[in-house]
file input-v8.csv (CSV, C-alpha atoms)
chain,number,residue,atom,x,y,z
A,15,MET,CA,92.3,110.4,146.6
A,16,LYS,CA,90.9,110.8,150.1
A,17,GLU,CA,88.4,113.4,148.8
A,18,LEU,CA,87.3,111.0,146.0
A,19,VAL,CA,86.6,108.2,148.5
A,20,THR,CA,84.9,110.5,150.9
A,21,TYR,CA,82.6,111.9,148.1
A,22,ILE,CA,81.6,108.4,146.8
A,23,ALA,CA,81.0,107.0,150.3
A,24,LYS,CA,78.9,110.0,151.5
A,25,ALA,CA,76.8,109.9,148.3
A,26,LEU,CA,76.1,106.2,148.8
A,27,VAL,CA,75.2,105.9,152.4
A,28,ASP,CA,72.2,106.9,154.6
A,29,LYS,CA,74.4,108.4,157.3
A,30,PRO,CA,77.0,110.6,155.5
A,31,GLU,CA,77.9,112.2,158.8
A,32,GLU,CA,79.4,108.9,160.0
A,33,VAL,CA,81.7,108.5,157.0
A,34,SER,CA,85.3,108.8,157.9
A,35,VAL,CA,88.3,108.3,155.6
A,36,GLN,CA,92.0,108.1,156.5
A,37,GLU,CA,94.8,108.1,154.0
A,38,VAL,CA,98.1,106.5,155.0
A,39,GLU,CA,100.5,107.6,152.3
A,40,GLY,CA,103.6,105.6,151.6
A,41,GLU,CA,106.3,106.2,149.1
A,42,LYS,CA,104.7,104.1,146.4
A,43,THR,CA,101.5,102.9,147.9
A,44,SER,CA,98.9,104.7,149.8
A,45,VAL,CA,96.3,102.9,151.9
A,46,ILE,CA,92.8,104.5,152.2
A,47,GLU,CA,90.8,103.4,155.1
A,48,LEU,CA,87.0,103.9,154.9
A,49,LYS,CA,84.7,103.7,157.8
A,50,VAL,CA,80.9,104.0,157.7
A,51,ALA,CA,78.0,103.4,160.0
A,52,SER,CA,77.6,99.6,160.4
A,53,GLU,CA,74.1,99.7,158.8
A,54,ASP,CA,75.6,101.4,155.8
A,55,LEU,CA,78.3,98.8,155.3
A,56,GLY,CA,76.2,96.9,152.7
A,57,LYS,CA,75.8,100.2,150.7
A,58,VAL,CA,79.6,100.6,150.2
A,59,ILE,CA,80.2,96.9,149.6
A,60,GLY,CA,77.2,96.2,147.3
A,61,LYS,CA,75.9,92.9,146.0
A,62,HIS,CA,78.7,90.4,145.7
A,63,GLY,CA,81.1,93.2,146.6
A,64,ARG,CA,80.4,94.9,143.4
A,65,THR,CA,80.4,98.5,144.7
A,66,ALA,CA,83.6,97.9,146.7
A,67,ARG,CA,85.2,96.5,143.6
A,68,ALA,CA,84.1,99.4,141.5
A,69,MET,CA,85.6,101.9,144.1
A,70,ARG,CA,88.9,100.0,144.1
A,71,THR,CA,89.1,100.0,140.3
A,72,ILE,CA,88.4,103.8,140.2
A,73,ILE,CA,91.0,104.4,142.8
A,74,SER,CA,93.6,102.3,141.0
A,75,ALA,CA,92.9,104.1,137.8
A,76,ALA,CA,93.3,107.5,139.5
A,77,ALA,CA,96.6,106.2,141.1
A,78,THR,CA,97.9,105.0,137.7
A,79,LYS,CA,97.8,108.6,136.5
A,80,LEU,CA,100.0,109.6,139.5
A,81,ARG,CA,102.2,106.6,138.9
A,82,LYS,CA,101.3,105.2,142.3
A,83,ARG,CA,99.4,102.4,143.8
A,84,ALA,CA,96.4,102.9,146.1
A,85,VAL,CA,94.6,100.3,148.2
A,86,LEU,CA,91.1,100.7,149.7
A,87,GLU,CA,90.4,99.1,153.0
A,88,ILE,CA,86.8,99.1,154.3
A,89,LEU,CA,86.9,98.8,158.0
A,90,GLU,CA,84.2,97.1,160.0
B,16,MET,CA,72.9,121.5,145.8
B,17,GLU,CA,75.6,120.8,148.4
B,18,TRP,CA,77.5,123.6,150.0
B,19,VAL,CA,80.9,123.3,151.7
B,20,GLU,CA,82.8,125.8,153.8
B,21,GLY,CA,86.4,126.7,153.2
B,22,GLU,CA,88.8,128.7,155.4
B,23,GLY,CA,92.1,130.4,154.9
B,24,ALA,CA,94.3,133.4,155.7
B,25,THR,CA,93.1,135.1,152.5
B,26,GLU,CA,90.0,134.8,150.4
B,27,ASP,CA,92.0,132.9,147.7
B,28,GLU,CA,93.2,130.4,150.2
B,29,ALA,CA,89.7,129.9,151.6
B,30,VAL,CA,88.4,129.3,148.1
B,31,GLU,CA,91.2,126.8,147.4
B,32,ASN,CA,90.3,125.0,150.6
B,33,ALA,CA,86.6,124.8,149.6
B,34,MET,CA,87.5,123.6,146.1
B,35,GLU,CA,89.5,120.8,147.6
B,36,LYS,CA,86.6,119.7,149.7
B,37,LEU,CA,84.3,119.8,146.8
B,38,GLY,CA,86.7,118.1,144.4
B,39,ALA,CA,86.5,120.9,141.9
B,40,SER,CA,89.4,121.4,139.5
B,41,SER,CA,88.6,124.9,138.3
B,42,ARG,CA,87.1,128.0,139.8
B,43,ASP,CA,84.7,128.2,136.9
B,44,GLU,CA,82.9,125.2,138.1
B,45,ILE,CA,81.8,126.6,141.4
B,46,LYS,CA,80.0,129.5,142.9
B,47,ILE,CA,81.4,131.2,146.0
B,48,GLU,CA,80.0,133.3,148.8
B,49,VAL,CA,82.1,135.0,151.5
B,50,ILE,CA,80.6,134.1,154.8
B,51,GLY,CA,82.8,136.2,157.1
B,52,LYS,CA,86.2,137.7,157.8
B,53,GLU,CA,87.7,137.6,161.2
B,54,ARG,CA,90.6,139.5,162.6
B,55,LYS,CA,92.3,138.0,165.6
B,56,PHE,CA,93.9,140.0,168.4
B,57,PHE,CA,91.8,143.1,168.0
B,58,GLY,CA,92.7,143.9,164.4
B,59,PHE,CA,96.3,142.7,164.6
B,60,GLY,CA,97.8,139.5,163.3
B,61,GLU,CA,96.3,136.9,161.1
B,62,GLU,CA,93.1,137.3,159.2
B,63,LYS,CA,90.8,134.4,158.7
B,64,VAL,CA,88.4,134.3,155.8
B,65,LYS,CA,85.5,131.9,155.6
B,66,VAL,CA,83.7,131.2,152.3
B,67,LYS,CA,81.1,128.8,151.2
B,68,ALA,CA,81.1,127.2,147.8
B,69,ALA,CA,79.0,124.8,145.7
B,70,PHE,CA,79.1,123.4,142.2
B,71,ASN,CA,77.5,125.5,139.5
B,72,LYS,CA,74.7,123.8,137.7
B,73,SER,CA,76.1,121.8,134.9
B,74,PRO,CA,75.8,123.7,131.6
B,75,ALA,CA,74.5,120.5,130.0
B,76,ASP,CA,71.5,120.5,132.3
B,77,THR,CA,68.6,120.0,130.0
B,78,GLY,CA,66.0,120.4,132.7
B,79,ASP,CA,65.9,116.7,133.4
B,80,GLY,CA,66.8,116.2,137.0
B,81,LYS,CA,68.2,112.7,136.7
B,82,ALA,CA,70.3,113.4,133.6
B,83,ALA,CA,71.7,116.5,135.3
B,84,GLU,CA,72.4,114.5,138.4
B,85,GLY,CA,74.2,111.8,136.4
B,86,ILE,CA,76.3,114.4,134.7
B,87,GLU,CA,77.2,116.1,138.0
B,88,VAL,CA,78.1,112.8,139.8
B,89,LEU,CA,80.3,111.6,137.0
B,90,GLN,CA,82.0,115.0,136.7
B,91,ARG,CA,82.7,114.9,140.4
B,92,LEU,CA,84.2,111.4,140.2
B,93,LEU,CA,86.5,112.5,137.3
B,94,ASN,CA,87.5,115.7,139.2
B,95,GLY,CA,88.2,113.5,142.2
B,96,MET,CA,90.4,111.3,140.0
B,97,LYS,CA,92.2,114.5,139.0
B,98,LEU,CA,91.5,113.9,135.4
B,99,GLU,CA,90.6,116.9,133.3
B,100,ALA,CA,87.5,115.9,131.6
B,101,ARG,CA,84.1,117.1,130.5
B,102,VAL,CA,80.8,115.2,130.7
B,103,GLU,CA,77.9,115.5,128.4
B,104,GLY,CA,74.7,113.6,128.8
B,105,ASN,CA,71.2,113.0,127.6
B,106,ARG,CA,68.2,111.0,128.4
B,107,GLU,CA,66.3,108.7,126.1
B,108,GLY,CA,63.4,107.1,127.9
B,109,ASP,CA,64.7,105.2,130.9
B,110,THR,CA,68.3,105.4,129.7
B,111,ILE,CA,70.8,108.2,130.6
B,112,ARG,CA,73.9,108.2,128.4
B,113,LEU,CA,76.9,110.0,129.8
B,114,ASN,CA,79.8,110.6,127.5
B,115,ILE,CA,83.3,111.6,128.7
B,116,PHE,CA,85.5,113.9,126.7
B,117,SER,CA,89.2,113.9,127.9
B,118,ASP,CA,92.7,113.0,126.9
B,119,TYR,CA,92.7,110.0,129.2
B,120,GLY,CA,90.7,107.4,127.2
B,121,GLY,CA,93.1,104.6,128.2
B,122,ILE,CA,92.9,105.2,131.9
B,123,LEU,CA,89.2,105.8,131.8
B,124,ILE,CA,88.4,102.7,129.9
B,125,GLY,CA,90.7,100.3,131.7
B,126,ARG,CA,91.3,96.7,131.0
B,127,ARG,CA,88.3,95.3,129.0
B,128,GLY,CA,86.3,98.4,130.0
B,129,GLU,CA,86.7,97.7,133.7
B,130,THR,CA,87.2,101.3,134.8
B,131,LEU,CA,84.3,102.6,132.6
B,132,ASP,CA,82.1,99.9,134.1
B,133,SER,CA,83.1,100.9,137.6
B,134,LEU,CA,82.3,104.5,137.0
B,135,GLU,CA,79.0,103.5,135.5
B,136,HIS,CA,78.2,101.3,138.5
B,137,ILE,CA,79.0,104.0,141.1
B,138,VAL,CA,77.0,106.7,139.1
B,139,ASP,CA,74.1,104.1,138.9
B,140,ARG,CA,74.2,103.5,142.7
B,141,ILE,CA,74.2,107.2,143.5
B,142,VAL,CA,71.6,108.4,140.9
B,143,ASN,CA,69.3,105.4,141.7
B,144,ARG,CA,69.7,105.7,145.4
B,145,LYS,CA,66.1,106.7,145.8
B,146,PHE,CA,63.6,104.2,144.5
B,147,GLU,CA,61.4,106.4,142.3
B,148,ASP,CA,62.1,107.0,138.6
B,149,ARG,CA,64.8,104.3,138.2
B,150,VAL,CA,67.0,104.9,135.2
B,151,ASN,CA,69.7,102.9,133.3
B,152,ILE,CA,73.1,104.6,133.3
B,153,ILE,CA,75.5,104.2,130.4
B,154,VAL,CA,79.0,105.7,130.7
B,155,ASP,CA,81.0,105.9,127.5
B,156,THR,CA,84.1,107.5,126.1
B,157,GLU,CA,85.6,107.5,122.7
B,158,ASN,CA,82.8,105.3,121.5
B,159,TYR,CA,84.1,102.4,123.5
B,160,ARG,CA,80.8,100.7,124.0
B,161,GLU,CA,80.1,100.4,120.3
B,162,ARG,CA,83.6,99.4,119.5
B,163,ARG,CA,83.5,96.6,122.1
B,164,ILE,CA,80.2,95.3,120.7
B,165,GLU,CA,81.7,95.1,117.2
B,166,LYS,CA,84.8,93.3,118.6
B,167,LEU,CA,82.7,90.8,120.5
B,168,HIS,CA,80.6,90.2,117.4
B,169,SER,CA,83.6,89.2,115.3
B,170,LEU,CA,85.0,87.1,118.2
B,171,ALA,CA,81.6,85.3,118.4
B,172,LYS,CA,81.6,84.6,114.7
B,173,LYS,CA,85.2,83.4,114.8
B,174,LEU,CA,84.5,81.0,117.7
B,175,ALA,CA,81.3,79.7,116.0
B,176,SER,CA,83.2,78.8,112.9
B,177,GLN,CA,85.9,77.1,115.0
B,178,VAL,CA,83.2,75.1,116.7
B,179,LYS,CA,81.6,74.1,113.4
B,180,MET,CA,85.0,73.0,112.1
B,181,THR,CA,86.1,71.0,115.1
B,182,GLY,CA,82.7,69.9,116.3
B,183,ARG,CA,83.9,70.6,119.9
B,184,PRO,CA,82.7,73.3,122.3
B,185,ALA,CA,84.8,76.3,122.9
B,186,SER,CA,84.5,79.0,125.6
B,187,ILE,CA,85.3,82.6,126.2
B,188,ALA,CA,86.5,83.4,129.7
B,189,SER,CA,86.3,86.3,132.0
B,190,MET,CA,83.5,88.4,130.7
B,191,ASN,CA,80.9,90.5,132.4
B,192,ALA,CA,77.1,89.9,132.0
B,193,ARG,CA,76.9,92.7,129.4
B,194,ASP,CA,79.6,91.1,127.2
B,195,ARG,CA,78.1,87.6,127.6
B,196,LYS,CA,74.7,89.0,126.4
B,197,VAL,CA,76.3,90.4,123.3
B,198,ILE,CA,77.8,86.9,122.5
B,199,HIS,CA,74.5,85.2,123.0
B,200,ILE,CA,72.7,87.6,120.8
B,201,ALA,CA,75.4,87.5,118.1
B,202,LEU,CA,75.0,83.7,117.7
B,203,ARG,CA,71.2,83.5,118.4
B,204,ASP,CA,70.3,83.0,114.7
B,205,ASP,CA,73.2,80.6,114.0
B,206,LEU,CA,71.4,77.3,113.7
B,207,SER,CA,74.6,75.2,113.9
B,208,VAL,CA,75.8,76.3,117.3
B,209,GLU,CA,74.3,77.1,120.7
B,210,THR,CA,75.5,79.3,123.6
B,211,ILE,CA,75.2,78.9,127.3
B,212,SER,CA,76.8,80.7,130.3
B,213,GLU,CA,78.6,78.5,132.8
B,214,GLY,CA,80.2,79.0,136.2
B,215,GLU,CA,79.6,81.4,139.0
B,216,GLY,CA,80.3,85.1,139.7
B,217,PHE,CA,83.5,86.5,138.1
B,218,GLU,CA,84.3,83.0,136.8
B,219,ARG,CA,81.2,82.8,134.6
B,220,LYS,CA,81.9,82.3,130.9
B,221,VAL,CA,80.2,81.7,127.7
B,222,VAL,CA,80.4,78.3,126.1
B,223,VAL,CA,79.7,77.9,122.4
B,224,SER,CA,78.9,74.3,121.3
B,225,PRO,CA,77.6,72.5,118.3
B,226,ARG,CA,73.8,72.6,118.3
B,227,ARG,CA,72.3,69.2,119.0
B,228,THR,CA,69.6,68.5,116.4
B,229,GLY,CA,66.5,66.6,117.4
B,230,VAL,CA,67.5,63.5,115.6
B,231,ARG,CA,71.0,63.2,117.0
B,232,SER,CA,70.4,64.0,120.6
B,233,LEU,CA,70.1,61.0,122.8
call {"tool": "encode", "arguments": {"input": "input-v8.csv", "output": "structure tokens"}}
result
Amino acid sequence: MKELVTYIAKALVDKPEEVSVQEVEGEKTSVIELKVASEDLGKVIGKHGRTARAMRTIISAAATKLRKRAVLEILE
Amino acid sequence: MEWVEGEGATEDEAVENAMEKLGASSRDEIKIEVIGKERKFFGFGEEKVKVKAAFNKSPADTGDGKAAEGIEVLQRLLNGMKLEARVEGNREGDTIRLNIFSDYGGILIGRRGETLDSLEHIVDRIVNRKFEDRVNIIVDTENYRERRIEKLHSLAKKLASQVKMTGRPASIASMNARDRKVIHIALRDDLSVETISEGEGFERKVVVSPRRTGVRSL
């Protein structure tokens, strides 16, 4: 899941070298924390939060297959 | 073409490491070059192998850069989701259609096509990151897009006849812009009803109401 978020974030932003992703894995739920350069924040959030929403939906779908839950946190 | 480096005690381990970083699910998808082998402690002890790896060009590459990029991006998203799937794509004018073949239709489509729309949005953002040569991206699987349009058409017709019977407006909730458009178009030529979209953001819905004729409207 971490690789998936890393790939998406790096492909979206202008400064891929400043993308960092941490995964805190729990028994049922894992939390994925995404950090990007402040000027790239808009790129991972998108208009009306659409891009962030899309990432969350994709992560949830991937987690469904593993019978888990996954939550994406975008850190400012 | 993006290269990543992988490390491991053996060449196999180094390749595995590189595949993980790339998000590749099979060795056939990537090309590998060994960069170096190191022996620690003057030839004793652990060996360390470094390789570099990158995705092969997609076999569906038709020579069109954007279509190929769309296929590659979607394939990587699916690999990252750990869903075995194959992507085919083609370009017609400004539109790139990407079709997913897998055994995971249900997961990939999601509730009311939510997951498919999300994949589509992310591929769109990535492929259209640069301004030149903007393209429309359509992501589909198991003919979902067409099935959805047919379903919305019959829903629209049903609602229209309900409105005609009761003379009262009726609405369809929680739909995205694309679904709302299908409803508007489906009822465009029906002279006894009219459709409008109401509300903001994710709350926006289509309202079907009896069409006010010139004589009756006050």
call {"tool": "atom_distance", "arguments": {"input": "input-v8.csv", "atom1": "atom CA of B:Arg149", "atom2": "atom CA of B:Asn105"}}
result
15.1 Å
call {"tool": "atom_distance", "arguments": {"input": "input-v8.csv", "atom1": "atom CA of B:Val150", "atom2": "atom CA of B:Asp132"}}
result
15.9 Å
call {"tool": "residues_around", "arguments": {"input": "input-v8.csv", "residues": "A:Thr20", "least_positions_apart": "6", "cutoff": "9 Å", "atoms": "all atoms listed in the file", "output": "count of residues only"}}
result
4
call {"tool": "closest_residue", "arguments": {"input": "input-v8.csv", "among": "B:Glu135, B:Glu31, B:Asp43, B:Asp155", "to": "chain A", "atoms": "all atoms listed in the file"}}
result
B:Glu135
call {"tool": "interface_residues", "arguments": {"input": "input-v8.csv", "of": "chain B", "to": "chain A", "cutoff": "12 Å", "atoms": "all atoms listed in the file", "output": "PDB file with C-alpha atoms, in the coordinates of the input"}}
result
ATOM      1  CA  GLU B  17      75.600 120.800 148.400  1.00  0.00           C
ATOM      2  CA  ASN B  32      90.300 125.000 150.600  1.00  0.00           C
ATOM      3  CA  ALA B  33      86.600 124.800 149.600  1.00  0.00           C
ATOM      4  CA  MET B  34      87.500 123.600 146.100  1.00  0.00           C
ATOM      5  CA  GLU B  35      89.500 120.800 147.600  1.00  0.00           C
ATOM      6  CA  LYS B  36      86.600 119.700 149.700  1.00  0.00           C
ATOM      7  CA  LEU B  37      84.300 119.800 146.800  1.00  0.00           C
ATOM      8  CA  GLY B  38      86.700 118.100 144.400  1.00  0.00           C
ATOM      9  CA  ALA B  39      86.500 120.900 141.900  1.00  0.00           C
ATOM     10  CA  GLU B  84      72.400 114.500 138.400  1.00  0.00           C
ATOM     11  CA  VAL B  88      78.100 112.800 139.800  1.00  0.00           C
ATOM     12  CA  LEU B  89      80.300 111.600 137.000  1.00  0.00           C
ATOM     13  CA  GLN B  90      82.000 115.000 136.700  1.00  0.00           C
ATOM     14  CA  ARG B  91      82.700 114.900 140.400  1.00  0.00           C
ATOM     15  CA  LEU B  92      84.200 111.400 140.200  1.00  0.00           C
ATOM     16  CA  LEU B  93      86.500 112.500 137.300  1.00  0.00           C
ATOM     17  CA  ASN B  94      87.500 115.700 139.200  1.00  0.00           C
ATOM     18  CA  GLY B  95      88.200 113.500 142.200  1.00  0.00           C
ATOM     19  CA  MET B  96      90.400 111.300 140.000  1.00  0.00           C
ATOM     20  CA  LYS B  97      92.200 114.500 139.000  1.00  0.00           C
ATOM     21  CA  LEU B  98      91.500 113.900 135.400  1.00  0.00           C
ATOM     22  CA  GLU B  99      90.600 116.900 133.300  1.00  0.00           C
ATOM     23  CA  ASP B 118      92.700 113.000 126.900  1.00  0.00           C
ATOM     24  CA  TYR B 119      92.700 110.000 129.200  1.00  0.00           C
ATOM     25  CA  GLY B 120      90.700 107.400 127.200  1.00  0.00           C
ATOM     26  CA  GLY B 121      93.100 104.600 128.200  1.00  0.00           C
ATOM     27  CA  ILE B 122      92.900 105.200 131.900  1.00  0.00           C
ATOM     28  CA  LEU B 123      89.200 105.800 131.800  1.00  0.00           C
ATOM     29  CA  ILE B 124      88.400 102.700 129.900  1.00  0.00           C
ATOM     30  CA  GLY B 125      90.700 100.300 131.700  1.00  0.00           C
ATOM     31  CA  ARG B 126      91.300  96.700 131.000  1.00  0.00           C
ATOM     32  CA  GLY B 128      86.300  98.400 130.000  1.00  0.00           C
ATOM     33  CA  GLU B 129      86.700  97.700 133.700  1.00  0.00           C
ATOM     34  CA  THR B 130      87.200 101.300 134.800  1.00  0.00           C
ATOM     35  CA  LEU B 131      84.300 102.600 132.600  1.00  0.00           C
ATOM     36  CA  ASP B 132      82.100  99.900 134.100  1.00  0.00           C
ATOM     37  CA  SER B 133      83.100 100.900 137.600  1.00  0.00           C
ATOM     38  CA  LEU B 134      82.300 104.500 137.000  1.00  0.00           C
ATOM     39  CA  GLU B 135      79.000 103.500 135.500  1.00  0.00           C
ATOM     40  CA  HIS B 136      78.200 101.300 138.500  1.00  0.00           C
ATOM     41  CA  ILE B 137      79.000 104.000 141.100  1.00  0.00           C
ATOM     42  CA  VAL B 138      77.000 106.700 139.100  1.00  0.00           C
ATOM     43  CA  ASP B 139      74.100 104.100 138.900  1.00  0.00           C
ATOM     44  CA  ARG B 140      74.200 103.500 142.700  1.00  0.00           C
ATOM     45  CA  ILE B 141      74.200 107.200 143.500  1.00  0.00           C
ATOM     46  CA  VAL B 142      71.600 108.400 140.900  1.00  0.00           C
ATOM     47  CA  ASN B 143      69.300 105.400 141.700  1.00  0.00           C
ATOM     48  CA  ARG B 144      69.700 105.700 145.400  1.00  0.00           C
ATOM     49  CA  LYS B 145      66.100 106.700 145.800  1.00  0.00           C
ATOM     50  CA  ASN B 191      80.900  90.500 132.400  1.00  0.00           C
ATOM     51  CA  GLU B 215      79.600  81.400 139.000  1.00  0.00           C
ATOM     52  CA  GLY B 216      80.300  85.100 139.700  1.00  0.00           C
ATOM     53  CA  PHE B 217      83.500  86.500 138.100  1.00  0.00           C
TER      54      PHE B 217
END
call {"tool": "residues_around", "arguments": {"input": "input-v8.csv", "residues": "stretch 176-185 of chain B", "least_positions_apart": "3", "cutoff": "12 Å", "atoms": "all atoms listed in the file", "output": "number ranges by chain"}}
result
B: 169-173, 188, 202, 205-213, 220-227
call {"tool": "closest_residue", "arguments": {"input": "input-v8.csv", "among": "A:Ile59, A:Lys82, A:Leu89, A:Lys29", "to": "A:Ser44", "atoms": "all atoms listed in the file"}}
result
A:Lys82
call {"tool": "closest_residue", "arguments": {"input": "input-v8.csv", "among": "A:Glu39, A:Gly63, A:Gly56, A:Glu47", "to": "A:Ile88", "atoms": "only C-alpha atoms"}}
result
A:Glu47
call {"tool": "closest_residue", "arguments": {"input": "input-v8.csv", "among": "A:Glu87, A:Glu32, A:Glu37, A:Arg81", "to": "A:Ala51", "atoms": "all atoms listed in the file"}}
result
A:Glu32
call {"tool": "closest_residue", "arguments": {"input": "input-v8.csv", "among": "B:Ala24, B:Ile50, B:Ile198, B:Ile111", "to": "B:Lys166", "atoms": "only C-alpha atoms"}}
result
B:Ile198
call {"tool": "closest_residue", "arguments": {"input": "input-v8.csv", "among": "B:Ala201, B:Ala100, B:Ala83, B:Ile153", "to": "B:Arg112", "atoms": "only C-alpha atoms"}}
result
B:Ile153
